[in-house]
$ cat input_23.csv   # CSV, C-alpha atoms
chain,number,residue,atom,x,y,z
A,1,MET,CA,0.0,0.0,0.0
A,2,ILE,CA,1.4,3.4,-1.0
A,3,ALA,CA,2.1,5.9,1.7
A,4,ALA,CA,0.3,9.2,1.6
A,5,LYS,CA,3.5,11.2,1.0
A,6,ASP,CA,4.3,9.1,-2.1
A,7,ALA,CA,0.8,9.2,-3.6
A,8,LEU,CA,0.0,10.9,-6.9
A,9,PRO,CA,-1.1,14.5,-6.5
A,10,GLY,CA,-4.4,14.2,-8.4
A,11,ARG,CA,-6.4,17.3,-9.3
A,12,SER,CA,-9.0,19.7,-8.0
A,13,GLU,CA,-11.5,19.1,-10.8
A,14,PRO,CA,-13.9,16.1,-10.2
A,15,ILE,CA,-14.9,13.7,-12.9
A,16,THR,CA,-18.4,14.3,-14.0
A,17,VAL,CA,-21.0,12.0,-15.6
A,18,ASP,CA,-23.4,13.8,-17.9
A,19,ARG,CA,-25.9,11.0,-18.6
A,20,ASN,CA,-28.4,9.4,-16.2
A,21,HIS,CA,-28.0,6.0,-14.5
A,22,LEU,CA,-28.6,3.3,-17.1
A,23,VAL,CA,-30.8,1.2,-14.8
A,24,PHE,CA,-32.6,3.7,-12.5
A,25,ALA,CA,-32.6,6.7,-14.9
A,26,THR,CA,-31.6,8.9,-12.0
A,27,SER,CA,-29.0,11.7,-12.1
A,28,PHE,CA,-25.6,11.1,-10.5
A,29,ASP,CA,-26.0,14.4,-8.8
A,30,ASP,CA,-29.4,13.6,-7.2
A,31,PRO,CA,-29.3,14.1,-3.4
A,32,VAL,CA,-29.9,11.1,-1.1
A,33,GLY,CA,-33.5,11.0,0.1
A,34,GLU,CA,-34.3,11.2,3.8
A,35,ALA,CA,-35.7,7.7,3.7
A,36,HIS,CA,-32.5,6.3,2.1
A,37,GLU,CA,-29.0,5.3,3.3
A,38,VAL,CA,-25.6,5.1,1.6
A,39,ALA,CA,-23.2,2.1,1.7
A,40,TYR,CA,-19.8,1.8,0.2
A,41,VAL,CA,-18.0,-1.4,-0.6
A,42,ALA,CA,-15.0,-2.6,-2.6
A,43,MET,CA,-14.7,-6.2,-3.8
A,44,GLY,CA,-12.5,-6.3,-6.8
A,45,CYS,CA,-13.3,-5.0,-10.3
A,46,PHE,CA,-16.2,-2.5,-9.8
A,47,TRP,CA,-18.0,-3.5,-13.0
A,48,GLY,CA,-19.3,-6.7,-11.7
A,49,ALA,CA,-19.6,-5.5,-8.2
A,50,GLU,CA,-21.9,-2.6,-9.2
A,51,ARG,CA,-24.2,-5.0,-11.2
A,52,THR,CA,-24.4,-7.3,-8.1
A,53,PHE,CA,-26.0,-4.4,-6.1
A,54,TYR,CA,-28.2,-2.6,-8.7
A,55,ARG,CA,-30.0,-5.9,-9.2
A,56,LEU,CA,-31.2,-6.0,-5.6
A,57,ALA,CA,-34.6,-5.0,-4.5
A,58,GLY,CA,-34.4,-2.0,-2.2
A,59,VAL,CA,-31.3,-0.5,-4.0
A,60,VAL,CA,-32.4,2.8,-5.6
A,61,SER,CA,-29.1,3.9,-7.1
A,62,THR,CA,-25.5,2.9,-7.6
A,63,ALA,CA,-22.2,4.4,-8.8
A,64,VAL,CA,-18.6,3.3,-9.2
A,65,GLY,CA,-15.6,5.3,-8.1
A,66,TYR,CA,-12.4,5.4,-6.2
A,67,GLN,CA,-12.1,5.5,-2.4
A,68,GLY,CA,-9.9,4.6,0.5
A,69,GLY,CA,-6.7,6.3,-0.7
A,70,PHE,CA,-5.0,9.6,-0.9
A,71,THR,CA,-5.1,11.1,-4.4
A,72,PRO,CA,-8.0,13.6,-5.0
A,73,ASN,CA,-10.1,13.1,-8.1
A,74,PRO,CA,-7.9,10.3,-9.6
A,75,THR,CA,-8.3,8.8,-13.1
A,76,TYR,CA,-8.8,5.1,-13.7
A,77,ARG,CA,-5.3,5.0,-15.2
A,78,GLU,CA,-3.8,6.5,-12.1
A,79,VAL,CA,-5.7,4.2,-9.8
A,80,CYS,CA,-4.4,1.2,-11.8
A,81,THR,CA,-0.8,2.2,-11.1
A,82,GLY,CA,-1.3,1.5,-7.4
A,83,MET,CA,0.0,5.0,-6.7
A,84,THR,CA,-3.2,6.5,-5.4
A,85,GLY,CA,-4.1,4.1,-2.5
A,86,HIS,CA,-7.7,3.9,-3.7
A,87,ALA,CA,-9.8,0.8,-4.1
A,88,GLU,CA,-12.4,0.4,-6.9
A,89,SER,CA,-15.5,1.2,-4.8
A,90,VAL,CA,-19.3,1.0,-5.3
A,91,ARG,CA,-21.6,3.6,-3.8
A,92,ILE,CA,-25.0,2.0,-3.0
A,93,VAL,CA,-28.1,4.1,-2.1
A,94,PHE,CA,-30.7,1.9,-0.6
A,95,ASP,CA,-34.0,1.9,1.2
A,96,PRO,CA,-33.4,0.3,4.6
A,97,SER,CA,-37.2,-0.5,4.9
A,98,VAL,CA,-36.8,-2.9,2.0
A,99,ILE,CA,-33.2,-4.2,2.4
A,100,SER,CA,-31.1,-4.0,5.6
A,101,TYR,CA,-27.5,-2.9,5.7
A,102,ALA,CA,-26.6,-6.3,7.1
A,103,ALA,CA,-28.2,-7.9,4.1
A,104,LEU,CA,-26.1,-5.8,1.8
A,105,ILE,CA,-22.9,-6.8,3.7
A,106,ARG,CA,-23.9,-10.4,3.4
A,107,VAL,CA,-24.2,-10.0,-0.4
A,108,PHE,CA,-20.8,-8.2,-0.4
A,109,PHE,CA,-19.1,-11.1,1.5
A,110,GLU,CA,-20.8,-13.8,-0.6
A,111,GLY,CA,-20.0,-12.1,-3.8
A,112,HIS,CA,-16.2,-12.2,-3.7
A,113,ASP,CA,-13.4,-13.9,-1.8
A,114,PRO,CA,-12.5,-11.7,1.1
A,115,THR,CA,-9.4,-13.7,2.0
A,116,GLN,CA,-7.2,-12.8,-1.0
A,117,GLY,CA,-5.7,-9.6,0.2
A,118,ASN,CA,-4.8,-7.2,-2.6
A,119,ARG,CA,-6.4,-9.1,-5.4
A,120,GLN,CA,-9.5,-10.9,-6.7
A,121,GLY,CA,-8.6,-13.8,-8.9
A,122,ASN,CA,-6.5,-12.6,-11.8
A,123,ASP,CA,-7.0,-8.9,-10.8
A,124,VAL,CA,-4.0,-8.0,-8.7
A,125,GLY,CA,-3.3,-4.8,-6.9
A,126,THR,CA,-4.3,-2.7,-4.0
A,127,GLN,CA,-7.2,-1.2,-6.1
A,128,TYR,CA,-8.8,-4.7,-6.0
A,129,ARG,CA,-8.7,-5.1,-2.2
A,130,SER,CA,-11.7,-6.1,-0.2
A,131,ALA,CA,-13.1,-3.2,1.9
A,132,VAL,CA,-16.2,-1.8,3.6
A,133,PHE,CA,-16.2,2.0,4.1
A,134,THR,CA,-18.8,2.8,6.7
A,135,THR,CA,-20.8,6.1,7.2
A,136,THR,CA,-22.1,5.6,10.7
A,137,ASP,CA,-21.2,3.8,14.0
A,138,ALA,CA,-24.1,1.5,13.4
A,139,GLN,CA,-22.8,0.5,10.0
A,140,ALA,CA,-19.3,-0.2,11.4
A,141,SER,CA,-20.8,-2.3,14.2
A,142,THR,CA,-22.8,-4.3,11.7
A,143,ALA,CA,-20.0,-4.8,9.3
A,144,HIS,CA,-17.7,-6.1,12.0
A,145,ALA,CA,-20.4,-8.4,13.3
A,146,VAL,CA,-21.1,-9.9,9.9
A,147,ALA,CA,-17.4,-10.3,9.2
A,148,GLU,CA,-16.8,-12.2,12.4
A,149,ARG,CA,-19.7,-14.6,11.6
A,150,TYR,CA,-18.5,-15.1,8.1
A,151,ALA,CA,-14.9,-15.7,9.3
A,152,ASP,CA,-16.1,-18.7,11.3
A,153,GLU,CA,-17.9,-20.1,8.2
A,154,LEU,CA,-14.9,-19.6,5.9
A,155,ARG,CA,-12.6,-21.2,8.5
A,156,ALA,CA,-14.8,-24.2,8.7
A,157,ALA,CA,-14.7,-24.5,4.9
A,158,GLY,CA,-10.9,-24.4,4.8
A,159,PHE,CA,-10.3,-20.8,3.8
A,160,GLY,CA,-7.9,-18.4,5.4
A,161,ALA,CA,-8.5,-15.3,7.4
A,162,ILE,CA,-10.6,-12.4,6.1
A,163,THR,CA,-8.5,-9.5,4.9
A,164,THR,CA,-11.4,-7.1,4.4
A,165,GLU,CA,-10.6,-3.5,5.5
A,166,ILE,CA,-13.5,-2.0,7.5
A,167,ALA,CA,-12.9,1.7,7.9
A,168,PRO,CA,-14.8,5.0,8.0
A,169,ALA,CA,-15.7,6.2,4.6
A,170,GLY,CA,-13.5,9.0,3.2
A,171,PRO,CA,-14.2,10.9,0.0
A,172,PHE,CA,-15.8,8.9,-2.9
A,173,TYR,CA,-14.5,10.1,-6.2
A,174,LEU,CA,-16.7,9.3,-9.1
A,175,ALA,CA,-15.2,7.1,-11.9
A,176,GLU,CA,-15.3,8.0,-15.6
A,177,GLU,CA,-18.7,7.8,-17.4
A,178,TYR,CA,-17.8,4.6,-19.3
A,179,HIS,CA,-17.3,2.7,-16.1
A,180,GLN,CA,-20.7,3.5,-14.8
A,181,GLN,CA,-23.1,0.5,-15.2
A,182,TYR,CA,-20.4,-0.9,-17.6
A,183,LEU,CA,-22.0,-4.4,-17.7
A,184,GLU,CA,-25.4,-2.9,-18.5
A,185,ALA,CA,-24.0,-1.2,-21.5
A,186,ASN,CA,-21.7,-4.2,-22.3
A,187,PRO,CA,-23.5,-7.4,-21.2
A,188,ASN,CA,-20.7,-9.6,-22.5
A,189,GLY,CA,-18.0,-7.5,-20.9
A,190,TYR,CA,-15.5,-8.8,-18.4
A,191,CYS,CA,-16.6,-9.6,-14.9
A,192,GLY,CA,-14.0,-10.7,-12.4
A,193,ILE,CA,-16.4,-11.1,-9.5
A,194,GLY,CA,-16.8,-14.5,-7.9
A,195,GLY,CA,-17.6,-15.8,-4.4
A,196,THR,CA,-16.3,-18.7,-2.4
A,197,GLY,CA,-19.6,-20.6,-2.4
A,198,VAL,CA,-19.7,-20.3,1.4
A,199,SER,CA,-23.0,-18.8,2.8
A,200,CYS,CA,-22.8,-15.8,5.1
A,201,PRO,CA,-25.1,-16.0,8.1
A,202,ILE,CA,-26.6,-12.7,9.5
A,203,GLY,CA,-29.4,-14.0,11.7
A,204,LEU,CA,-31.1,-11.2,13.6
A,205,LEU,CA,-28.7,-8.7,12.1
A,206,GLY,CA,-30.7,-8.9,8.9
A,207,SER,CA,-33.5,-6.9,10.5
A,208,GLU,CA,-31.3,-4.0,11.7

$ encode --input "input_23.csv" --output "structure tokens"
Amino acid sequence: MIAAKDALPGRSEPITVDRNHLVFATSFDDPVGEAHEVAYVAMGCFWGAERTFYRLAGVVSTAVGYQGGFTPNPTYREVCTGMTGHAESVRIVFDPSVISYAALIRVFFEGHDPTQGNRQGNDVGTQYRSAVFTTTDAQASTAHAVAERYADELRAAGFGAITTEIAPAGPFYLAEEYHQQYLEANPNGYCGIGGTGVSCPIGLLGSE
């Protein structure tokens, strides 16, 4: 992982997306409604990760971007150098009356291999690391609780320790337009997302 002092300088101008969301037809500039909540996860290549979430009932918007590092407003090419510290992240806006945060985290854990460190399969680098970036103390508590439960299941199935980073969410920098809902625009495009086949129990956490 790059140190902050060695990270690329980035730029002050943010990346913008001029079209609407390809699934929800919403603007990327729309404010989050009072009845909705935001979650951020990183689980490898963000193309397949975003599709995993925009297909879920209760999710009302998604976006892909860069998060967890140091470089302001990075480009995709810069993130791929490993010199920004950012992970490929998905921003999920959801209705907690329809789908709980715990249920989202279960989908997150089941949708990739959280034991691989800075990689997912053939995608290697810190930008592909597993991470949950939380926005509230309640989210952090839930994420840690689900991770602990899943760690037991993975261990029983012969997997190693979970390497998922769980940390407060820093700035989320929107990725370039062609990355947004990439697999909706390119149904036969590359998807590097794949789980372990191990179910993640959430029990009563699913109602929180």

$ closest_residue --input "input_23.csv" --among "A:Gln67, A:Asn118, A:Ser97, A:Thr81" --to "Val132 (chain A)" --atoms "all atoms listed in the file"
A:Gln67

$ residues_near_point --input "input_23.csv" --point "(-17.7, -7.1, 8.1)" --cutoff "12 Å" --atoms "all atoms listed in the file" --output "MDAnalysis selection string"
chainID A and resid 41:42 101:110 114 130:134 138:151 162:167 200:202 205

$ atom_distance --input "input_23.csv" --atom1 "CA of Glu78 (chain A)" --atom2 "CA of Gln180 (chain A)"
17.4 Å

$ closest_residue --input "input_23.csv" --among "A:Ile92, A:Met43, A:Val32, A:Val79" --to "Leu56 (chain A)" --atoms "only C-alpha atoms"
A:Ile92

$ atom_distance --input "input_23.csv" --atom1 "CA of Ala157 (chain A)" --atom2 "CA of Tyr128 (chain A)"
23.4 Å

$ closest_atom_pairs --input "input_23.csv" --of "region 54-171 of chain A" --to "region 17-27 of chain A" --cutoff "9 Å" --atoms "all atoms listed in the file" --output "tab-separated table"
residue	atom	partner	partner_atom	distance
A:Tyr54	CA	A:Val23	CA	7.6
A:Val60	CA	A:Phe24	CA	7.0
A:Ser61	CA	A:Phe24	CA	6.4
A:Thr62	CA	A:His21	CA	8.0
A:Ala63	CA	A:His21	CA	8.3

$ closest_residue --input "input_23.csv" --among "A:Met83, A:Ala39, A:Val124, A:Val64" --to "Pro168 (chain A)" --atoms "only C-alpha atoms"
A:Ala39

$ atom_distance --input "input_23.csv" --atom1 "CA of Thr126 (chain A)" --atom2 "CA of Ile15 (chain A)"
21.5 Å

$ residues_near_point --input "input_23.csv" --point "(-16.9, -6.9, -16.1)" --cutoff "7 Å" --atoms "only C-alpha atoms" --output "PyMOL selection string"
chain A and resi 47-48+183+189-192

$ write_last_selection --input "input_23.csv" --atoms "C-alpha atoms" --output "CSV table (one decimal), in the coordinates of the input"
chain,number,residue,atom,x,y,z
A,47,TRP,CA,-18.0,-3.5,-13.0
A,48,GLY,CA,-19.3,-6.7,-11.7
A,183,LEU,CA,-22.0,-4.4,-17.7
A,189,GLY,CA,-18.0,-7.5,-20.9
A,190,TYR,CA,-15.5,-8.8,-18.4
A,191,CYS,CA,-16.6,-9.6,-14.9
A,192,GLY,CA,-14.0,-10.7,-12.4

$ residues_around --input "input_23.csv" --residues "Pro74 (chain A)" --least-positions-apart "6" --cutoff "12 Å" --atoms "only C-alpha atoms" --output "MDAnalysis selection string"
chainID A and resid 7:15 65:68 80:88 171:176

$ closest_residue --input "input_23.csv" --among "A:Asn122, A:Thr71, A:Ser89, A:Thr52" --to "Ala4 (chain A)" --atoms "only C-alpha atoms"
A:Thr71

$ closest_residue --input "input_23.csv" --among "A:Ser199, A:Leu154, A:Glu50, A:Pro72" --to "Gln181 (chain A)" --atoms "all atoms listed in the file"
A:Glu50

$ closest_residue --input "input_23.csv" --among "A:Cys45, A:Glu37, A:Thr196, A:Arg55" --to "Glu184 (chain A)" --atoms "all atoms listed in the file"
A:Arg55
